[in-house]
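upload_22.cif follows (mmCIF, C-alpha atoms):
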```cif
data_upload
loop_
_atom_site.group_PDB
_atom_site.id
_atom_site.type_symbol
_atom_site.label_atom_id
_atom_site.label_comp_id
_atom_site.auth_asym_id
_atom_site.auth_seq_id
_atom_site.Cartn_x
_atom_site.Cartn_y
_atom_site.Cartn_z
ATOM 1 C CA MET T 173 0.000 0.000 0.000
ATOM 2 C CA SER T 174 1.358 3.413 -0.919
ATOM 3 C CA ARG T 175 2.067 5.675 2.021
ATOM 4 C CA LYS T 176 -0.279 8.633 2.499
ATOM 5 C CA LEU T 177 0.961 12.148 3.031
ATOM 6 C CA PHE T 178 0.434 13.524 6.504
ATOM 7 C CA LEU T 179 -0.704 17.140 6.759
ATOM 8 C CA THR T 180 1.371 19.335 9.051
ATOM 9 C CA CYS T 181 0.265 22.680 7.656
ATOM 10 C CA LEU T 182 0.225 24.432 11.007
ATOM 11 C CA SER T 183 3.999 24.094 11.233
ATOM 12 C CA PHE T 184 4.064 27.531 9.601
ATOM 13 C CA VAL T 185 3.881 28.828 13.157
ATOM 14 C CA LEU T 186 7.592 28.197 13.519
ATOM 15 C CA VAL T 187 8.266 30.894 10.958
ATOM 16 C CA ALA T 188 5.432 33.205 11.917
ATOM 17 C CA LEU T 189 6.646 33.660 15.456
ATOM 18 C CA LEU T 190 9.793 35.494 14.433
ATOM 19 C CA LEU T 191 8.078 38.884 14.241
ATOM 20 C CA MET T 192 5.829 38.718 17.291
ATOM 21 C CA PRO T 193 5.838 41.866 19.427
ATOM 22 C CA ALA T 194 7.464 41.547 22.825
ATOM 23 C CA GLU T 195 4.376 42.647 24.767
ATOM 24 C CA VAL T 196 2.259 39.673 23.660
ATOM 25 C CA VAL T 197 1.146 37.561 26.637
ATOM 26 C CA PHE T 198 0.657 33.868 25.915
ATOM 27 C CA ALA T 199 -1.599 31.313 27.568
ATOM 28 C CA SER T 200 -0.256 28.295 29.426
ATOM 29 C CA GLU T 201 2.185 26.508 27.165
ATOM 30 C CA ALA T 202 4.543 23.535 27.170
ATOM 31 C CA ASN T 203 7.357 22.794 24.739
ATOM 32 C CA VAL T 204 7.483 19.014 24.398
ATOM 33 C CA PHE T 205 10.399 17.118 22.861
ATOM 34 C CA VAL T 206 10.426 13.522 21.642
ATOM 35 C CA TYR T 207 13.624 11.464 21.615
ATOM 36 C CA HIS T 208 14.181 7.872 20.507
ATOM 37 C CA ARG T 209 17.722 6.495 20.786
ATOM 38 C CA PHE T 210 20.598 7.609 22.983
ATOM 39 C CA ASN T 211 24.256 7.239 22.046
ATOM 40 C CA ASP T 212 23.443 4.694 19.316
ATOM 41 C CA SER T 213 25.350 5.690 16.185
ATOM 42 C CA ARG T 214 23.830 2.844 14.144
ATOM 43 C CA TYR T 215 20.670 4.899 13.634
ATOM 44 C CA PRO T 216 21.796 8.521 13.230
ATOM 45 C CA SER T 217 18.439 10.002 12.197
ATOM 46 C CA THR T 218 16.774 9.058 15.512
ATOM 47 C CA ASN T 219 19.838 9.163 17.745
ATOM 48 C CA ILE T 220 21.250 11.777 20.078
ATOM 49 C CA THR T 221 24.721 11.560 21.570
ATOM 50 C CA THR T 222 25.258 11.670 25.305
ATOM 51 C CA GLU T 223 27.107 14.959 24.919
ATOM 52 C CA ALA T 224 24.296 16.586 22.949
ATOM 53 C CA PHE T 225 21.627 15.330 25.346
ATOM 54 C CA LYS T 226 23.576 16.707 28.279
ATOM 55 C CA ASP T 227 23.738 20.058 26.470
ATOM 56 C CA HIS T 228 19.935 20.003 26.193
ATOM 57 C CA LEU T 229 19.481 19.290 29.888
ATOM 58 C CA GLU T 230 22.035 21.920 30.854
ATOM 59 C CA THR T 231 20.146 24.453 28.727
ATOM 60 C CA LEU T 232 16.927 23.633 30.579
ATOM 61 C CA LYS T 233 18.728 24.156 33.872
ATOM 62 C CA VAL T 234 20.496 27.391 32.944
ATOM 63 C CA GLU T 235 17.336 28.893 31.426
ATOM 64 C CA HIS T 236 15.284 27.960 34.519
ATOM 65 C CA PHE T 237 12.720 25.741 32.808
ATOM 66 C CA THR T 238 10.347 23.617 34.852
ATOM 67 C CA VAL T 239 10.364 20.072 33.456
ATOM 68 C CA LEU T 240 7.135 18.119 33.932
ATOM 69 C CA THR T 241 5.811 14.784 32.727
ATOM 70 C CA LEU T 242 3.232 14.799 29.966
ATOM 71 C CA GLY T 243 0.682 13.517 32.439
ATOM 72 C CA GLU T 244 1.254 16.530 34.674
ATOM 73 C CA VAL T 245 0.841 18.892 31.718
ATOM 74 C CA VAL T 246 -2.343 17.159 30.576
ATOM 75 C CA ASP T 247 -3.850 17.124 34.067
ATOM 76 C CA ARG T 248 -3.209 20.843 34.530
ATOM 77 C CA MET T 249 -4.682 21.674 31.141
ATOM 78 C CA ARG T 250 -7.793 19.578 31.789
ATOM 79 C CA SER T 251 -8.356 21.186 35.187
ATOM 80 C CA GLY T 252 -7.674 24.735 33.985
ATOM 81 C CA GLU T 253 -4.585 25.073 36.167
ATOM 82 C CA SER T 254 -1.828 27.262 34.727
ATOM 83 C CA LEU T 255 1.486 25.800 33.647
ATOM 84 C CA PRO T 256 4.822 27.302 34.727
ATOM 85 C CA GLN T 257 5.924 30.266 32.615
ATOM 86 C CA ARG T 258 8.792 28.228 31.200
ATOM 87 C CA CYS T 259 7.622 24.635 30.895
ATOM 88 C CA ALA T 260 9.228 21.756 28.990
ATOM 89 C CA VAL T 261 8.681 18.006 28.715
ATOM 90 C CA ILE T 262 11.100 15.223 27.816
ATOM 91 C CA SER T 263 9.297 12.347 26.097
ATOM 92 C CA VAL T 264 10.884 9.224 24.634
ATOM 93 C CA ASP T 265 9.328 6.838 22.106
ATOM 94 C CA ASP T 266 9.763 3.110 21.432
ATOM 95 C CA GLY T 267 11.365 1.870 24.662
ATOM 96 C CA TYR T 268 14.898 1.235 23.459
ATOM 97 C CA LEU T 269 17.431 -0.110 25.940
ATOM 98 C CA SER T 270 19.622 2.935 25.340
ATOM 99 C CA PHE T 271 17.150 5.053 27.311
ATOM 100 C CA LEU T 272 17.995 3.041 30.416
ATOM 101 C CA THR T 273 21.749 2.890 29.800
ATOM 102 C CA ASP T 274 22.416 6.382 28.416
ATOM 103 C CA GLY T 275 19.350 8.616 28.703
ATOM 104 C CA TRP T 276 17.814 8.041 32.121
ATOM 105 C CA PRO T 277 21.104 8.339 34.078
ATOM 106 C CA LEU T 278 21.548 11.901 32.774
ATOM 107 C CA LEU T 279 17.943 12.793 33.515
ATOM 108 C CA LYS T 280 18.361 11.539 37.076
ATOM 109 C CA GLN T 281 21.561 13.550 37.392
ATOM 110 C CA TYR T 282 19.621 16.717 36.575
ATOM 111 C CA GLY T 283 16.546 15.677 38.543
ATOM 112 C CA TYR T 284 14.253 15.763 35.502
ATOM 113 C CA PRO T 285 11.301 13.417 34.872
ATOM 114 C CA ALA T 286 10.441 11.786 31.563
ATOM 115 C CA THR T 287 7.498 10.177 29.802
ATOM 116 C CA LEU T 288 8.350 6.929 27.995
ATOM 117 C CA PHE T 289 6.026 5.559 25.291
ATOM 118 C CA VAL T 290 6.350 1.805 24.796
ATOM 119 C CA SER T 291 5.112 -0.612 22.116
ATOM 120 C CA THR T 292 4.367 -3.804 24.016
ATOM 121 C CA ASP T 293 5.085 -6.360 21.265
ATOM 122 C CA THR T 294 8.764 -5.346 21.217
ATOM 123 C CA VAL T 295 9.312 -5.432 24.995
ATOM 124 C CA GLY T 296 12.186 -7.789 25.799
ATOM 125 C CA GLY T 297 13.406 -7.895 22.207
ATOM 126 C CA SER T 298 16.913 -7.129 21.019
ATOM 127 C CA ASP T 299 17.796 -3.487 21.817
ATOM 128 C CA PHE T 300 14.540 -3.019 23.754
ATOM 129 C CA LEU T 301 13.714 -2.716 27.438
ATOM 130 C CA ASP T 302 12.117 -5.727 29.116
ATOM 131 C CA TRP T 303 9.265 -5.668 31.628
ATOM 132 C CA GLN T 304 11.622 -5.765 34.591
ATOM 133 C CA ASP T 305 13.413 -2.695 33.225
ATOM 134 C CA LEU T 306 10.113 -0.900 32.718
ATOM 135 C CA LEU T 307 8.887 -1.732 36.205
ATOM 136 C CA MET T 308 12.133 -0.407 37.668
ATOM 137 C CA LEU T 309 11.875 2.798 35.615
ATOM 138 C CA GLN T 310 8.258 3.242 36.643
ATOM 139 C CA ASN T 311 9.221 2.828 40.294
ATOM 140 C CA GLU T 312 11.937 5.466 39.802
ATOM 141 C CA GLY T 313 9.393 7.975 38.528
ATOM 142 C CA VAL T 314 9.354 7.500 34.756
ATOM 143 C CA GLU T 315 5.842 7.927 33.382
ATOM 144 C CA ILE T 316 4.911 5.078 31.029
ATOM 145 C CA GLY T 317 2.669 5.735 28.026
ATOM 146 C CA ASN T 318 1.156 3.521 25.331
ATOM 147 C CA HIS T 319 2.726 3.440 21.852
ATOM 148 C CA SER T 320 0.463 0.626 20.547
ATOM 149 C CA ALA T 321 1.183 -3.091 20.666
ATOM 150 C CA SER T 322 2.511 -3.608 17.144
ATOM 151 C CA HIS T 323 4.018 -0.192 16.321
ATOM 152 C CA ALA T 324 2.374 -0.583 12.916
ATOM 153 C CA TYR T 325 1.328 2.250 10.602
ATOM 154 C CA LEU T 326 -2.154 2.317 12.080
ATOM 155 C CA LEU T 327 -3.406 4.611 9.303
ATOM 156 C CA ASP T 328 -2.772 1.994 6.634
ATOM 157 C CA ARG T 329 -5.211 -0.747 5.789
ATOM 158 C CA ILE T 330 -4.152 -4.246 4.878
ATOM 159 C CA PRO T 331 -5.015 -5.035 1.215
ATOM 160 C CA SER T 332 -8.728 -5.872 0.871
ATOM 161 C CA GLU T 333 -9.365 -4.813 4.488
ATOM 162 C CA SER T 334 -12.725 -3.105 5.010
ATOM 163 C CA GLU T 335 -13.206 -0.108 7.280
ATOM 164 C CA SER T 336 -14.876 -2.245 9.930
ATOM 165 C CA GLU T 337 -12.032 -4.774 9.774
ATOM 166 C CA TRP T 338 -9.483 -1.972 10.091
ATOM 167 C CA ARG T 339 -11.298 -0.575 13.109
ATOM 168 C CA ALA T 340 -11.448 -4.020 14.721
ATOM 169 C CA ARG T 341 -7.716 -4.524 14.137
ATOM 170 C CA VAL T 342 -6.811 -1.188 15.725
ATOM 171 C CA VAL T 343 -9.129 -1.797 18.683
ATOM 172 C CA GLU T 344 -7.572 -5.235 19.208
ATOM 173 C CA ASP T 345 -4.071 -3.732 19.056
ATOM 174 C CA LEU T 346 -4.930 -1.104 21.655
ATOM 175 C CA GLY T 347 -6.646 -3.604 23.924
ATOM 176 C CA ARG T 348 -3.757 -6.049 23.692
ATOM 177 C CA SER T 349 -1.220 -3.396 24.643
ATOM 178 C CA GLN T 350 -3.287 -2.082 27.552
ATOM 179 C CA GLY T 351 -3.690 -5.633 28.824
ATOM 180 C CA GLN T 352 0.063 -6.196 28.779
ATOM 181 C CA PHE T 353 0.728 -2.975 30.676
ATOM 182 C CA LYS T 354 -1.843 -3.930 33.291
ATOM 183 C CA LYS T 355 -0.396 -7.422 33.633
ATOM 184 C CA HIS T 356 3.256 -6.413 33.991
ATOM 185 C CA LEU T 357 3.107 -2.898 35.480
ATOM 186 C CA SER T 358 -0.189 -3.139 37.396
ATOM 187 C CA THR T 359 -1.528 -0.073 35.612
ATOM 188 C CA SER T 360 -2.761 0.895 32.154
ATOM 189 C CA PRO T 361 -1.432 4.120 30.578
ATOM 190 C CA ARG T 362 -3.704 7.147 30.130
ATOM 191 C CA LEU T 363 -1.549 8.669 27.388
ATOM 192 C CA PHE T 364 -0.958 7.485 23.818
ATOM 193 C CA ALA T 365 1.688 8.356 21.227
ATOM 194 C CA TYR T 366 0.823 7.593 17.607
ATOM 195 C CA PRO T 367 3.333 5.271 15.899
ATOM 196 C CA TYR T 368 5.428 7.409 13.549
ATOM 197 C CA GLY T 369 3.449 10.409 14.790
ATOM 198 C CA GLU T 370 0.678 9.942 12.219
ATOM 199 C CA PHE T 371 -3.055 10.113 12.856
ATOM 200 C CA SER T 372 -6.408 10.660 11.173
ATOM 201 C CA LYS T 373 -9.906 11.631 12.293
ATOM 202 C CA GLU T 374 -10.911 7.984 12.423
ATOM 203 C CA LEU T 375 -7.831 6.934 14.388
ATOM 204 C CA THR T 376 -8.123 9.725 16.947
ATOM 205 C CA GLY T 377 -11.742 8.692 17.426
ATOM 206 C CA LEU T 378 -10.668 5.146 18.277
ATOM 207 C CA ILE T 379 -8.042 6.481 20.687
ATOM 208 C CA ARG T 380 -10.718 8.496 22.494
ATOM 209 C CA GLU T 381 -13.047 5.498 22.613
ATOM 210 C CA ALA T 382 -10.241 3.400 24.120
ATOM 211 C CA GLY T 383 -10.178 5.778 27.097
ATOM 212 C CA PHE T 384 -6.919 7.655 26.539
ATOM 213 C CA VAL T 385 -7.169 11.186 27.944
ATOM 214 C CA ALA T 386 -4.569 12.594 25.527
ATOM 215 C CA ALA T 387 -2.546 11.523 22.501
ATOM 216 C CA PHE T 388 0.562 12.899 20.836
ATOM 217 C CA GLY T 389 2.006 13.109 17.340
ATOM 218 C CA GLN T 390 5.399 14.219 16.070
ATOM 219 C CA GLN T 391 4.305 17.406 14.324
ATOM 220 C CA SER T 392 6.317 20.378 15.528
ATOM 221 C CA GLY T 393 4.476 22.856 17.700
ATOM 222 C CA VAL T 394 3.878 24.154 21.209
ATOM 223 C CA ILE T 395 1.138 22.691 23.402
ATOM 224 C CA THR T 396 -1.284 25.337 24.642
ATOM 225 C CA ASP T 397 -4.856 25.878 25.819
ATOM 226 C CA GLY T 398 -7.686 25.031 23.462
ATOM 227 C CA GLN T 399 -5.910 22.390 21.391
ATOM 228 C CA ASP T 400 -7.386 18.984 20.594
ATOM 229 C CA MET T 401 -6.126 16.805 23.446
ATOM 230 C CA HIS T 402 -5.752 13.829 21.097
ATOM 231 C CA THR T 403 -3.578 15.502 18.435
ATOM 232 C CA LEU T 404 -1.043 17.309 20.616
ATOM 233 C CA PRO T 405 2.302 18.284 19.045
ATOM 234 C CA ARG T 406 5.871 17.405 19.984
ATOM 235 C CA PHE T 407 9.217 18.565 18.590
ATOM 236 C CA PRO T 408 11.168 15.566 17.182
ATOM 237 C CA VAL T 409 14.822 15.416 18.221
ATOM 238 C CA GLY T 410 17.494 13.374 16.460
ATOM 239 C CA GLY T 411 20.267 13.539 13.915
ATOM 240 C CA ALA T 412 20.777 17.060 12.572
ATOM 241 C CA TYR T 413 17.980 18.323 14.827
ATOM 242 C CA SER T 414 19.818 17.329 18.004
ATOM 243 C CA ALA T 415 22.240 20.275 17.958
ATOM 244 C CA VAL T 416 21.835 22.485 21.018
ATOM 245 C CA SER T 417 21.188 25.496 18.766
ATOM 246 C CA GLU T 418 18.157 23.709 17.285
ATOM 247 C CA PHE T 419 17.006 22.714 20.755
ATOM 248 C CA ARG T 420 17.254 26.283 22.063
ATOM 249 C CA SER T 421 15.342 27.621 19.070
ATOM 250 C CA ARG T 422 12.432 25.245 19.692
ATOM 251 C CA LEU T 423 12.605 25.621 23.449
ATOM 252 C CA PHE T 424 11.779 29.324 23.224
ATOM 253 C CA MET T 425 9.106 29.059 20.548
ATOM 254 C CA LYS T 426 5.600 30.178 21.436
ATOM 255 C CA SER T 427 2.263 28.966 20.170
ATOM 256 C CA LEU T 428 0.350 30.905 17.539
ATOM 257 C CA PRO T 429 -3.349 31.314 18.398
ATOM 258 C CA VAL T 430 -5.243 29.936 15.407
ATOM 259 C CA GLN T 431 -9.002 29.642 15.005
ATOM 260 C CA LEU T 432 -9.862 26.957 12.465
ATOM 261 C CA GLU T 433 -12.974 27.531 10.367
ATOM 262 C CA ASP T 434 -13.374 23.789 9.935
ATOM 263 C CA HIS T 435 -11.411 20.699 10.895
ATOM 264 C CA GLN T 436 -10.528 18.489 7.955
ATOM 265 C CA ASP T 437 -8.676 15.217 8.049
ATOM 266 C CA THR T 438 -4.893 15.242 8.333
ATOM 267 C CA VAL T 439 -4.404 12.490 5.743
ATOM 268 C CA ILE T 440 -3.971 13.669 2.158
ATOM 269 C CA ASN T 441 -4.467 11.602 -0.971
ATOM 270 C CA LYS T 442 -5.127 12.408 -4.611
ATOM 271 C CA GLU T 443 -8.873 12.534 -4.037
ATOM 272 C CA ASN T 444 -8.954 15.024 -1.174
ATOM 273 C CA PRO T 445 -6.619 17.990 -1.634
ATOM 274 C CA PRO T 446 -7.685 19.941 1.450
ATOM 275 C CA THR T 447 -8.429 23.600 1.979
ATOM 276 C CA LEU T 448 -7.486 24.650 5.500
ATOM 277 C CA LYS T 449 -9.189 27.898 6.564
ATOM 278 C CA PHE T 450 -8.088 29.701 9.704
ATOM 279 C CA TYR T 451 -8.110 33.095 11.406
ATOM 280 C CA LEU T 452 -5.161 34.897 12.988
ATOM 281 C CA ASN T 453 -4.819 37.934 15.216
ATOM 282 C CA ASN T 454 -2.969 40.370 12.955
ATOM 283 C CA LYS T 455 -1.679 42.232 16.006
ATOM 284 C CA ILE T 456 0.360 39.175 16.934
ATOM 285 C CA VAL T 457 1.905 38.128 13.633
ATOM 286 C CA ASP T 458 2.804 39.658 10.302
ATOM 287 C CA GLU T 459 0.992 37.424 7.789
ATOM 288 C CA ARG T 460 3.676 38.204 5.216
ATOM 289 C CA THR T 461 6.012 35.910 7.149
ATOM 290 C CA LEU T 462 3.667 32.896 7.069
ATOM 291 C CA LYS T 463 4.781 29.694 5.391
ATOM 292 C CA CYS T 464 3.067 26.339 5.154
ATOM 293 C CA PHE T 465 4.752 22.941 4.967
ATOM 294 C CA VAL T 466 3.316 19.545 4.055
ATOM 295 C CA GLN T 467 5.193 16.363 4.872
ATOM 296 C CA GLY T 468 6.482 14.594 1.781
ATOM 297 C CA GLY T 469 7.383 17.706 -0.181
ATOM 298 C CA ALA T 470 3.961 18.383 -1.713
ATOM 299 C CA GLY T 471 3.186 21.944 -2.689
ATOM 300 C CA CYS T 472 1.125 24.161 -0.400
ATOM 301 C CA LEU T 473 -0.439 27.437 -1.548
ATOM 302 C CA LEU T 474 -1.022 30.091 1.105
ATOM 303 C CA GLU T 475 -3.665 32.715 0.306
ATOM 304 C CA LYS T 476 -5.036 35.629 2.335
#
```
Show the structure stored in the file as structure tokens.
Amino acid sequence: MSRKLFLTCLSFVLVALLLMPAEVVFASEANVFVYHRFNDSRYPSTNITTEAFKDHLETLKVEHFTVLTLGEVVDRMRSGESLPQRCAVISVDDGYLSFLTDGWPLLKQYGYPATLFVSTDTVGGSDFLDWQDLLMLQNEGVEIGNHSASHAYLLDRIPSESESEWRARVVEDLGRSQGQFKKHLSTSPRLFAYPYGEFSKELTGLIREAGFVAAFGQQSGVITDGQDMHTLPRFPVGGAYSAVSEFRSRLFMKSLPVQLEDHQDTVINKENPPTLKFYLNNKIVDERTLKCFVQGGAGCLLEK
């Protein structure tokens, strides 16, 4: 099956924020980062060296950021409680062993928490944490989230698979993973991270129905009030994007208040070229600086 393009049009906010006036006051916000591998040069695109990761943590310390778990951020947002003025989150996907050997020791050294999203079918496999490791990390304060059982492209259908069959397969995957967490860790996660960061209207609906209070992609952006709790953004970190200069740039980014006229699906194919209509406060941003990006290199026309 050919891969679908995944719409990340709102990433134009990264450019738009450059000309914001200094007096603008923002709502509660959190800058969330997602890491994968630590000190594992075999996979450079998803890896960060120990030295670079330490630079990130030192930056958080020097710049006086409060580091929370994703669960703490979500709970405060749901209750209406304000977040710290400078708030960041360290999240880690996939449950690789290198988090335990190279990532977590540095986090403990700085006294920072983390949220770890795990795919249960890979637990105990080569290069992956086992259940004993996960239980130990949980007991040490690491928040464990669900990353599916199979880590499959949940958007894609198997050839000849009907919509109802696809839904049943996803529901089974989610139920299987939650059952494994309950069996081995005595608790089932409340948070979900989409495999490969990709989601659709239908998939987010199934995540809600499964009881997850929030879910996260890998589209760049700052979490703030009023966002869909099941399509929350995170800044991916790895490879060329692990330099401390890149980290600092994203750490100090602010959200751009956007009012969508309608909410279309995030999956693009040849039959549904979308029109995304939104409203901006022209006192906050110069619309001449806006740019729109779509994953996969497809063209995107921006009109006023």
Selected residue of minimal separation from Thr231 (chain T) among T:Leu363, T:Val343, T:Ala260, T:Met249, counting all atoms listed in the file: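 Closest to Thr231 (chain T), using all atoms listed in the file: T:Ala260.
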Evaluate the PyMOL selection byres ((chain T and resi 389) around 10) and report residues as JSON, numbers by chain: {"T": [206, 364, 365, 366, 367, 368, 369, 370, 371, 387, 388, 390, 391, 392, 402, 403, 404, 405, 406, 407, 408]}
Selection under test: the PyMOL selection byres ((chain T and resi 272-282) around 7); residues as an NGL selection string: :T and (210-211 or 222 or 226 or 269-271 or 283-285)
Atomic separation - CA of Ala321 (chain T) relative to CA of Thr292 (chain T), Å: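 Interatomic distance here is 4.7 Å.
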Quick one: residues within 7 Å of region 293-296 of chain T, all atoms listed in the file, excluding same-chain residues fewer than 3 positions away - as an mmCIF file with C-alpha atoms, keeping the file's coordinate frame?
```cif
data_model
loop_
_atom_site.group_PDB
_atom_site.id
_atom_site.type_symbol
_atom_site.label_atom_id
_atom_site.label_comp_id
_atom_site.auth_asym_id
_atom_site.auth_seq_id
_atom_site.Cartn_x
_atom_site.Cartn_y
_atom_site.Cartn_z
ATOM 1 C CA PHE T 300 14.540 -3.019 23.754
ATOM 2 C CA LEU T 301 13.714 -2.716 27.438
ATOM 3 C CA ASP T 302 12.117 -5.727 29.116
ATOM 4 C CA TRP T 303 9.265 -5.668 31.628
ATOM 5 C CA ALA T 321 1.183 -3.091 20.666
ATOM 6 C CA SER T 322 2.511 -3.608 17.144
#
```
Reference answer for the PyMOL selection byres ((chain T and resi 326) around 8), as a list in words: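 Output from the PyMOL selection byres ((chain T and resi 326) around 8), applied to this file: His323, Ala324, Tyr325, Leu327, Asp328, Arg329, Val342, Pro367, Phe371 and Leu375 of chain T.
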Separation of CA of Gly297 (chain T) from CA of Tyr215 (chain T) in Å: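 Taking CA of Tyr215 (chain T) and CA of Gly297 (chain T), their separation equals 17.0 Å.
One finds CA of Arg248 (chain T) at 14.8 Å from CA of Val204 (chain T).
Proximity ranking of T:Tyr268, T:Phe237, T:Tyr451, T:Phe353 relative to Ala202 (chain T) places T:Phe237 first, based on only C-alpha atoms.
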Minimum-distance residue to Gln350 (chain T), chosen among T:Lys373, T:His319, T:Arg258, T:Arg250 (using all atoms listed in the file): T:His319
Output as AutoDock Vina command-line options the centre and edge lengths (Å, one decimal) of the box along x, y and z of the file that holds every listed atom of region 401-407 of chain T after adding 4 Å on each side.
```
--center_x 1.5 --center_y 16.2 --center_z 20.9 --size_x 23.3 --size_y 12.7 --size_z 13.0
```
Which of T:Thr396, T:Thr238, T:Ser372, T:Ser414 sits closest to Glu223 (chain T) [using only C-alpha atoms]: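 Smallest distance to Glu223 (chain T) is found for T:Ser414.
Between His236 (chain T) and the candidates T:Phe289, T:Phe424, T:Phe384, T:Phe205, the tightest atom-to-atom separation, counting only C-alpha atoms, involves T:Phe424.
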Using all atoms listed in the file: which of T:Ser417, T:Gln304, T:Gln431, T:Thr461 has the shortest distance to His228 (chain T): T:Ser417
Nearby residues (only C-alpha atoms) at most 8 Å from Leu307 (chain T), same-chain spacing under 4 positions excluded, as a PyMOL selection string: chain T and resi 303+311+356-357
Mind writing the picked residues with C-alpha atoms as a PDB file, in the frame of the given file?
```pdb
ATOM      1  CA  TRP T 303       9.265  -5.668  31.628  1.00  0.00           C
ATOM      2  CA  ASN T 311       9.221   2.828  40.294  1.00  0.00           C
ATOM      3  CA  HIS T 356       3.256  -6.413  33.991  1.00  0.00           C
ATOM      4  CA  LEU T 357       3.107  -2.898  35.480  1.00  0.00           C
TER       5      LEU T 357
END
```
